[in-house]
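Okay, final.cif is below, mmCIF, C-alpha atoms:
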```cif
data_upload
loop_
_atom_site.label_atom_id
_atom_site.label_comp_id
_atom_site.auth_asym_id
_atom_site.auth_seq_id
_atom_site.Cartn_x
_atom_site.Cartn_y
_atom_site.Cartn_z
CA MET A 1 -7.64 21.96 -7.54
CA SER A 2 -8.40 19.61 -10.41
CA ASN A 3 -6.54 16.43 -11.33
CA LEU A 4 -8.05 16.22 -14.80
CA GLY A 5 -5.20 15.42 -17.19
CA GLN A 6 -2.83 14.91 -14.24
CA ILE A 7 -3.40 11.21 -13.50
CA THR A 8 -2.15 8.30 -15.58
CA ALA A 9 -3.62 4.95 -14.58
CA ILE A 10 -2.91 1.54 -16.13
CA LEU A 11 -4.78 -1.57 -14.90
CA ARG A 12 -3.89 -5.08 -16.06
CA THR A 13 -4.91 -8.62 -15.10
CA ASP A 14 -3.53 -11.96 -16.27
CA THR A 15 -4.56 -15.58 -15.70
CA GLY A 16 -0.99 -16.71 -15.00
CA ARG A 17 0.61 -20.02 -15.98
CA VAL A 18 -1.14 -22.49 -13.67
CA ARG A 19 -4.81 -21.54 -13.26
CA ASP A 20 -7.24 -22.27 -16.07
CA HIS A 21 -9.37 -19.17 -15.40
CA ASN A 22 -8.93 -15.73 -13.91
CA GLU A 23 -10.60 -15.00 -10.56
CA ASP A 24 -9.01 -11.53 -10.29
CA PHE A 25 -10.86 -8.43 -11.41
CA VAL A 26 -9.66 -4.86 -11.95
CA SER A 27 -12.02 -1.93 -12.24
CA TYR A 28 -12.10 1.86 -12.05
CA TRP A 29 -14.18 4.99 -12.29
CA GLU A 30 -12.71 8.22 -13.64
CA PRO A 31 -14.61 11.53 -13.72
CA PRO A 32 -15.68 12.78 -17.16
CA ASN A 33 -15.62 16.42 -16.07
CA ARG A 34 -14.71 18.83 -13.25
CA GLU A 35 -18.13 18.60 -11.60
CA ALA A 36 -18.00 14.80 -11.38
CA GLU A 37 -14.43 15.00 -10.09
CA THR A 38 -15.43 17.41 -7.32
CA GLU A 39 -18.25 15.10 -6.33
CA SER A 40 -16.46 11.73 -6.40
CA GLY A 41 -12.77 12.02 -7.32
CA TRP A 42 -11.11 8.99 -8.91
CA LEU A 43 -11.61 5.34 -7.91
CA TYR A 44 -9.45 2.27 -8.70
CA ILE A 45 -9.93 -1.34 -7.55
CA VAL A 46 -8.02 -4.63 -7.62
CA ALA A 47 -9.94 -7.68 -6.34
CA ASP A 48 -8.81 -11.31 -5.99
CA GLY A 49 -11.70 -13.76 -5.86
CA VAL A 50 -11.67 -17.10 -4.05
CA GLY A 51 -14.04 -20.02 -4.23
CA GLY A 52 -13.13 -22.13 -7.25
CA ALA A 53 -15.13 -22.82 -10.44
CA ASP A 54 -16.87 -19.58 -11.39
CA ALA A 55 -17.38 -18.50 -7.77
CA GLY A 56 -14.17 -16.51 -7.36
CA GLU A 57 -14.47 -14.58 -10.59
CA VAL A 58 -18.11 -13.78 -9.89
CA ALA A 59 -17.26 -12.58 -6.39
CA SER A 60 -14.46 -10.25 -7.49
CA GLU A 61 -16.43 -8.75 -10.37
CA LEU A 62 -19.69 -8.42 -8.47
CA THR A 63 -18.16 -6.71 -5.44
CA SER A 64 -16.05 -4.37 -7.57
CA GLU A 65 -19.09 -3.20 -9.53
CA HIS A 66 -21.25 -2.82 -6.42
CA THR A 67 -18.48 -0.93 -4.61
CA ILE A 68 -18.26 1.59 -7.43
CA ASN A 69 -22.04 1.94 -7.67
CA HIS A 70 -22.53 2.44 -3.93
CA TYR A 71 -19.65 4.89 -3.78
CA LEU A 72 -21.08 7.04 -6.59
CA GLU A 73 -24.60 6.93 -5.17
CA HIS A 74 -23.57 8.39 -1.79
CA ALA A 75 -21.92 11.67 -2.76
CA ASP A 76 -23.59 13.26 0.29
CA GLU A 77 -21.04 11.56 2.59
CA PRO A 78 -18.40 14.28 3.26
CA ASN A 79 -15.73 11.86 4.51
CA TRP A 80 -14.48 10.14 1.36
CA GLY A 81 -12.55 7.48 3.24
CA GLN A 82 -15.67 6.50 5.18
CA ARG A 83 -17.63 6.65 1.95
CA LEU A 84 -15.28 4.07 0.43
CA LEU A 85 -15.55 1.82 3.51
CA ASN A 86 -19.35 2.04 3.42
CA ALA A 87 -19.37 1.12 -0.26
CA MET A 88 -17.21 -1.95 0.32
CA GLN A 89 -19.35 -3.09 3.25
CA ALA A 90 -22.48 -2.65 1.13
CA ALA A 91 -20.88 -4.71 -1.64
CA ASN A 92 -20.09 -7.38 0.95
CA SER A 93 -23.76 -7.55 1.95
CA GLU A 94 -24.89 -7.81 -1.66
CA LEU A 95 -22.42 -10.61 -2.38
CA ARG A 96 -23.70 -12.58 0.62
CA GLN A 97 -27.28 -12.04 -0.52
CA TYR A 98 -26.35 -13.20 -4.01
CA VAL A 99 -24.89 -16.43 -2.60
CA LEU A 100 -28.05 -17.08 -0.58
CA GLU A 101 -30.26 -16.57 -3.62
CA ARG A 102 -28.01 -18.73 -5.78
CA ASN A 103 -28.51 -21.57 -3.29
CA ASP A 104 -25.88 -23.93 -4.69
CA ASN A 105 -23.62 -24.15 -1.62
CA SER A 106 -20.82 -22.35 -3.44
CA ARG A 107 -18.33 -20.38 -1.37
CA MET A 108 -17.83 -16.88 -2.73
CA ALA A 109 -15.41 -14.34 -1.35
CA THR A 110 -12.83 -11.87 -2.55
CA THR A 111 -10.00 -9.71 -1.32
CA MET A 112 -10.04 -6.07 -2.37
CA VAL A 113 -7.72 -3.09 -2.36
CA ALA A 114 -9.26 0.18 -3.51
CA VAL A 115 -8.06 3.77 -3.69
CA VAL A 116 -9.97 7.04 -4.00
CA LEU A 117 -8.09 10.17 -5.08
CA GLN A 118 -9.35 13.55 -3.93
CA GLU A 119 -7.11 16.43 -5.00
CA ASN A 120 -3.71 15.46 -3.51
CA HIS A 121 -5.13 12.99 -1.00
CA ALA A 122 -5.49 9.24 -1.42
CA TYR A 123 -7.77 7.02 0.66
CA ILE A 124 -6.70 3.37 0.44
CA ALA A 125 -8.94 0.61 1.79
CA ASN A 126 -8.12 -3.08 1.84
CA VAL A 127 -9.46 -6.39 3.02
CA GLY A 128 -7.42 -9.59 2.62
CA ASP A 129 -3.90 -9.72 1.22
CA SER A 130 -4.07 -7.69 -1.97
CA ARG A 131 -1.71 -4.77 -1.48
CA GLY A 132 -1.41 -1.03 -1.92
CA TYR A 133 2.03 0.62 -2.23
CA LEU A 134 3.38 4.14 -2.53
CA TRP A 135 6.36 4.70 -4.85
CA ARG A 136 8.19 7.98 -4.35
CA ASN A 137 11.60 9.06 -5.68
CA GLY A 138 12.72 5.51 -6.44
CA ARG A 139 11.63 4.05 -3.10
CA ILE A 140 8.58 1.95 -2.37
CA GLN A 141 6.55 1.60 0.82
CA GLN A 142 3.72 -0.83 1.48
CA ILE A 143 0.79 1.23 2.72
CA THR A 144 -1.68 -1.56 3.42
CA LYS A 145 -1.26 -4.31 5.97
CA ASP A 146 -1.78 -7.93 4.87
CA GLN A 147 -4.76 -9.53 6.60
CA SER A 148 -3.29 -13.02 6.37
CA LEU A 149 -2.30 -15.80 8.75
CA VAL A 150 1.42 -15.50 8.03
CA ALA A 151 1.35 -11.70 8.45
CA LYS A 152 -0.24 -12.23 11.88
CA LEU A 153 2.40 -14.83 12.80
CA VAL A 154 5.19 -12.46 11.72
CA GLU A 155 3.65 -9.63 13.74
CA GLU A 156 3.52 -11.88 16.82
CA GLY A 157 7.12 -13.00 16.32
CA ALA A 158 6.19 -16.64 15.76
CA ILE A 159 7.91 -16.75 12.35
CA THR A 160 10.26 -14.53 10.36
CA GLU A 161 9.37 -12.69 7.15
CA GLU A 162 11.61 -15.11 5.26
CA GLU A 163 9.79 -18.10 6.76
CA ALA A 164 6.47 -16.48 5.83
CA SER A 165 7.43 -16.63 2.14
CA PHE A 166 7.52 -20.44 2.27
CA HIS A 167 4.96 -21.16 4.98
CA PRO A 168 2.47 -23.91 3.97
CA ARG A 169 -0.44 -21.69 5.10
CA ARG A 170 0.73 -18.52 3.40
CA ASN A 171 -2.43 -18.39 1.26
CA VAL A 172 -4.79 -18.28 4.26
CA ILE A 173 -6.45 -14.88 4.61
CA LEU A 174 -8.16 -13.74 7.80
CA TYR A 175 -10.80 -11.45 6.26
CA SER A 176 -12.48 -11.08 2.90
CA LEU A 177 -15.63 -9.65 1.35
CA GLY A 178 -18.33 -12.33 1.39
CA SER A 179 -16.86 -14.41 4.20
CA GLU A 180 -18.73 -12.75 7.08
CA ARG A 181 -21.43 -10.20 7.80
CA SER A 182 -19.07 -7.32 8.57
CA PRO A 183 -15.45 -8.04 7.66
CA LYS A 184 -12.59 -5.93 8.98
CA ILE A 185 -11.61 -3.36 6.35
CA ASP A 186 -8.51 -1.23 6.95
CA LEU A 187 -8.37 2.39 5.79
CA PHE A 188 -5.24 4.47 5.21
CA GLU A 189 -4.79 8.09 4.15
CA GLN A 190 -1.84 9.33 2.12
CA THR A 191 -0.86 12.81 0.98
CA LEU A 192 0.51 12.75 -2.56
CA GLN A 193 3.35 14.67 -4.18
CA LYS A 194 4.14 15.24 -7.83
CA ASP A 195 5.17 12.04 -9.68
CA ASP A 196 4.13 9.75 -6.82
CA ILE A 197 2.84 6.36 -7.93
CA LEU A 198 0.17 4.36 -6.15
CA PHE A 199 0.59 0.68 -6.97
CA LEU A 200 -2.14 -1.89 -6.31
CA CYS A 201 -1.72 -5.62 -6.87
CA SER A 202 -3.02 -9.08 -6.03
CA ASP A 203 -0.83 -11.62 -4.26
CA GLY A 204 -0.25 -13.39 -7.56
CA LEU A 205 2.36 -10.73 -8.22
CA THR A 206 3.99 -10.42 -4.81
CA ARG A 207 4.57 -14.16 -4.43
CA HIS A 208 7.00 -13.93 -7.38
CA VAL A 209 8.24 -10.32 -7.48
CA THR A 210 9.91 -8.52 -4.58
CA ASP A 211 9.17 -4.99 -3.40
CA ALA A 212 12.66 -3.92 -4.54
CA GLU A 213 11.97 -5.21 -8.05
CA ILE A 214 8.63 -3.42 -8.15
CA ALA A 215 10.35 -0.17 -7.11
CA LEU A 216 13.06 -0.53 -9.75
CA THR A 217 10.56 -1.28 -12.52
CA LEU A 218 8.38 1.71 -11.59
CA SER A 219 11.51 3.89 -11.54
CA GLU A 220 12.75 2.88 -14.98
CA GLU A 221 9.58 2.40 -17.03
CA SER A 222 6.35 4.19 -17.89
CA PRO A 223 3.19 3.03 -16.07
CA GLU A 224 2.06 1.00 -19.09
CA GLN A 225 5.46 -0.63 -19.60
CA ALA A 226 5.84 -1.28 -15.86
CA ALA A 227 2.50 -3.07 -15.65
CA THR A 228 3.45 -5.31 -18.57
CA THR A 229 6.96 -5.99 -17.24
CA LEU A 230 5.81 -6.93 -13.73
CA ILE A 231 3.19 -9.37 -14.98
CA ARG A 232 5.76 -10.90 -17.33
CA LYS A 233 8.24 -11.36 -14.47
CA ALA A 234 5.62 -13.13 -12.35
CA ASN A 235 4.76 -15.44 -15.24
CA GLU A 236 8.42 -16.19 -15.98
CA ARG A 237 8.84 -17.31 -12.36
CA GLY A 238 5.94 -19.72 -12.40
CA GLY A 239 2.76 -17.64 -12.62
CA GLU A 240 1.22 -19.81 -9.91
CA ASP A 241 -1.79 -17.53 -9.43
CA ASN A 242 -3.76 -14.90 -11.29
CA ILE A 243 -1.82 -11.63 -11.50
CA SER A 244 -3.33 -8.15 -11.35
CA VAL A 245 -1.76 -4.70 -11.09
CA ALA A 246 -2.83 -1.07 -11.14
CA VAL A 247 -0.22 1.65 -11.70
CA ILE A 248 -1.58 5.11 -10.85
CA ARG A 249 0.77 8.02 -11.39
CA TYR A 250 -0.03 11.40 -9.85
CA GLU A 251 1.53 14.19 -11.93
CA LYS A 252 0.00 17.27 -10.31
CA GLU A 253 2.30 19.98 -8.91
CA THR A 254 1.44 20.62 -5.26
CA ALA A 255 2.51 23.05 -2.58
CA VAL A 256 4.60 20.33 -0.95
CA SER A 257 6.42 19.24 -4.10
CA SER A 258 9.60 20.93 -2.90
CA GLN A 259 9.68 18.42 -0.05
CA LYS A 260 9.74 15.34 -2.25
CA SER A 261 12.63 13.80 -0.37
CA ALA A 262 10.72 13.75 2.93
CA PRO A 263 9.63 10.30 4.14
CA ALA A 264 6.08 9.31 3.32
CA LYS A 265 3.57 9.58 6.15
CA THR A 266 0.79 7.06 6.25
CA ARG A 267 -2.06 6.87 8.75
CA PRO A 268 -2.90 5.09 11.01
CA PHE A 269 0.63 3.70 11.07
CA ILE A 270 3.01 6.61 11.79
CA VAL A 271 6.67 5.95 12.49
CA SER A 272 8.80 8.76 13.90
CA ALA A 273 12.56 8.58 13.50
CA LYS A 274 14.57 9.48 16.62
CA ALA A 275 18.31 9.77 17.24
CA PRO A 276 19.79 6.79 19.12
CA ALA A 277 19.57 7.21 22.90
CA ASN A 278 23.34 7.00 23.33
CA GLU A 279 24.11 9.67 20.73
CA MET A 280 25.34 12.99 22.21
CA VAL A 281 24.95 16.12 20.14
CA LEU A 282 27.02 19.25 21.00
CA ASP A 283 26.59 22.70 19.49
CA ARG A 284 29.66 24.68 18.39
CA PRO A 285 30.02 27.11 21.42
CA LEU A 286 29.72 24.26 23.90
CA LEU A 287 32.24 22.22 21.96
CA TRP A 288 34.71 25.17 21.99
CA MET A 289 34.38 25.62 25.77
CA TYR A 290 34.86 21.90 26.28
CA THR A 291 38.08 22.01 24.20
CA VAL A 292 39.49 25.02 26.16
CA ALA A 293 38.73 23.36 29.52
CA LEU A 294 40.41 20.17 28.38
CA GLY A 295 43.50 22.14 27.30
CA LEU A 296 43.75 23.97 30.65
CA ALA A 297 43.45 20.71 32.57
CA GLN A 298 46.19 19.17 30.45
CA THR A 299 48.48 22.21 31.10
CA MET A 300 47.92 21.98 34.88
CA LEU A 301 48.69 18.27 34.83
CA ILE A 302 52.00 18.89 33.01
CA PHE A 303 52.92 21.65 35.51
CA LEU A 304 52.23 19.36 38.50
CA VAL A 305 54.36 16.59 37.01
CA TRP A 306 57.19 19.12 36.46
CA LEU A 307 57.00 20.22 40.13
CA LEU A 308 57.10 16.64 41.36
CA LEU A 309 60.17 15.88 39.24
CA ARG A 310 62.03 18.94 40.61
CA VAL A 311 61.42 17.75 44.19
#
```
Turn this file's structure into structure tokens for me.
Amino acid sequence: MSNLGQITAILRTDTGRVRDHNEDFVSYWEPPNREAETESGWLYIVADGVGGADAGEVASELTSEHTINHYLEHADEPNWGQRLLNAMQAANSELRQYVLERNDNSRMATTMVAVVLQENHAYIANVGDSRGYLWRNGRIQQITKDQSLVAKLVEEGAITEEEASFHPRRNVILYSLGSERSPKIDLFEQTLQKDDILFLCSDGLTRHVTDAEIALTLSEESPEQAATTLIRKANERGGEDNISVAVIRYEKETAVSSQKSAPAKTRPFIVSAKAPANEMVLDRPLLWMYTVALGLAQTMLIFLVWLLLRV
């Protein structure tokens, strides 16, 4: 099953209103033909560099390019999700080596969220707090999990999600490429349906634009218009950081397209919905028997009262 001509992807990055240079970097690889697609699928990346001066922008660009190169060079790896993780870890090693050779005491690191599309499957990997979302039928779901201090505090119940939005350490990330020898990289797998949208972004967007606003924009506008609108909204609200987005629309008809209303399933985080424990469900025959028994009991009670009154 080929996705050639069935994927529309728009990637945009913007410096914002406060920073004087852009440390974000967006990159991609798309197959030129069916053979290349079968071998490597489609790859999209959003990276948010940290380090100041030219360090952040070098880190994000260098790791993005190395991730793509390593991914393409290891087509013999049958597990595409693992192949993406291996490529990101290799890029991490090369960034650390680059810093050592540069020998100027600069701190170079970057967050990264990357997605590989293989037929109707998406493999999403992330390190840091850049995010990956799934938009489906007007609703949006965050697939990735922020690797940040405030996300950890929320998970532990120390602060609320609302408090996290204004926490003084909200910019502290726990893992990044370049910060350690083998950073923690999360991997998620998602099955796609027709007209699903995968949305990647740096935190320069999400600090100004809510998930609900992202969902509404993706619902009402084309991928190109949505990317422009979301960046504009972030800038209108301060543009405190660099802003990057990738809007990837999957237009292929699949065997599960008739189930578009079903909730999205993401691994490794799987949530199953169950009826409340105190909810009693009766089928029709049992309900009819219950009604008849109740009627007979009521008739007997009336008869007994009548007998007592006659005595």
Using the chain letters and residue numbers of this document, give as a list in words the residues selected by the PyMOL selection byres ((chain A and resi 4) around 10).
Met1, Ser2, Asn3, Gly5, Gln6, Ile7, Thr8, Glu30, Pro31, Pro32, Asn33, Arg34, Glu37, Gly41, Trp42, Glu119 and Lys252 of chain A
Would you write out, as an MDAnalysis selection string, every residue that the PyMOL selection byres ((chain A and resi 109-117) around 7) captures in this file?
chainID A and resid 41:51 56 59:60 107:108 118:119 121:132 176:179 200
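Shortest atom-to-atom contact with Arg237 (chain A) among A:Pro223, A:Gly16, A:Leu216, A:Glu163: A:Gly16, counting only C-alpha atoms.
For the pair CA of Ser244 (chain A) and CA of Arg136 (chain A), the separation is 21.0 Å.
Summary of the local environment: counting all atoms listed in the file, residues at most 9 Å from Gly238 (chain A), other than itself and those fewer than 2 positions away along its chain, are A:Gly16, A:Arg17, A:Val18, A:His208, A:Lys233, A:Ala234, A:Asn235, A:Glu236, A:Glu240, A:Asp241.
The protein and nucleic acid residues lying at most 10 Å from region 140-142 of chain A are Arg131, Gly132, Tyr133, Leu134, Trp135, Arg136, Asn137, Gly138, Thr144, Lys145, Asp146, Ile197, Leu198, Phe199, Leu200, Asp211, Ala212, Glu213, Ile214, Ala215, Leu216, Leu218, Ser219, Pro263, Ala264 and Thr266 of chain A, with all atoms listed in the file considered and sequence neighbours fewer than 2 positions away removed.
Between Gln190 (chain A) and the candidates A:Thr160, A:Leu205, A:Gly81, A:Gly239, the tightest atom-to-atom separation, counting only C-alpha atoms, involves A:Gly81.
Counting only C-alpha atoms, the residue from A:Leu153, A:Leu62, A:Ala36, A:Leu72 that sits nearest to Ala91 (chain A) is A:Leu62.
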What is the CA of Arg12 (chain A)-CA of Ser27 (chain A) distance in Å, reported with one decimal?
9.5 Å
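Distance check against Arg181 (chain A) using only C-alpha atoms: of A:His167, A:Arg232, A:Arg207, A:Arg96, the minimum falls on A:Arg96.
Evaluated against the shown file, the PyMOL selection byres ((chain A and resi 171) around 10) gives Asp129, Ser148, Leu149, Val150, His167, Pro168, Arg169, Arg170, Val172, Ile173, Leu174, Asp203 and Arg207 of chain A.
What separates CA of Thr13 (chain A) from CA of Ala87 (chain A) is a distance of 22.9 Å.
For the set A:Glu23, A:Glu156, A:Asp195, A:Glu224, the residue with the smallest atom-to-atom gap to Glu253 (chain A) is A:Asp195, counting all atoms listed in the file.
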Pick from A:Ala164, A:Tyr98, A:Leu11, A:Arg19 nearest to Gly204 (chain A), counting only C-alpha atoms
A:Arg19
Can you tell me, as a PyMOL selection string, which residues sit within 12 Å of (-21.8, 6.2, -4.8) in the file's frame, using all atoms listed in the file?
chain A and resi 29+36+39-43+65-78+80+82-88+90-91+116
Give me the box for region 171-185 of chain A as JSON, namely the centre and edge lengths in Å to one decimal of a box along x, y and z that holds every listed atom plus 5 Å on each side.
```
{"center_x": -11.9, "center_y": -10.9, "center_z": 5.1, "size_x": 29.0, "size_y": 25.0, "size_z": 17.7}
```
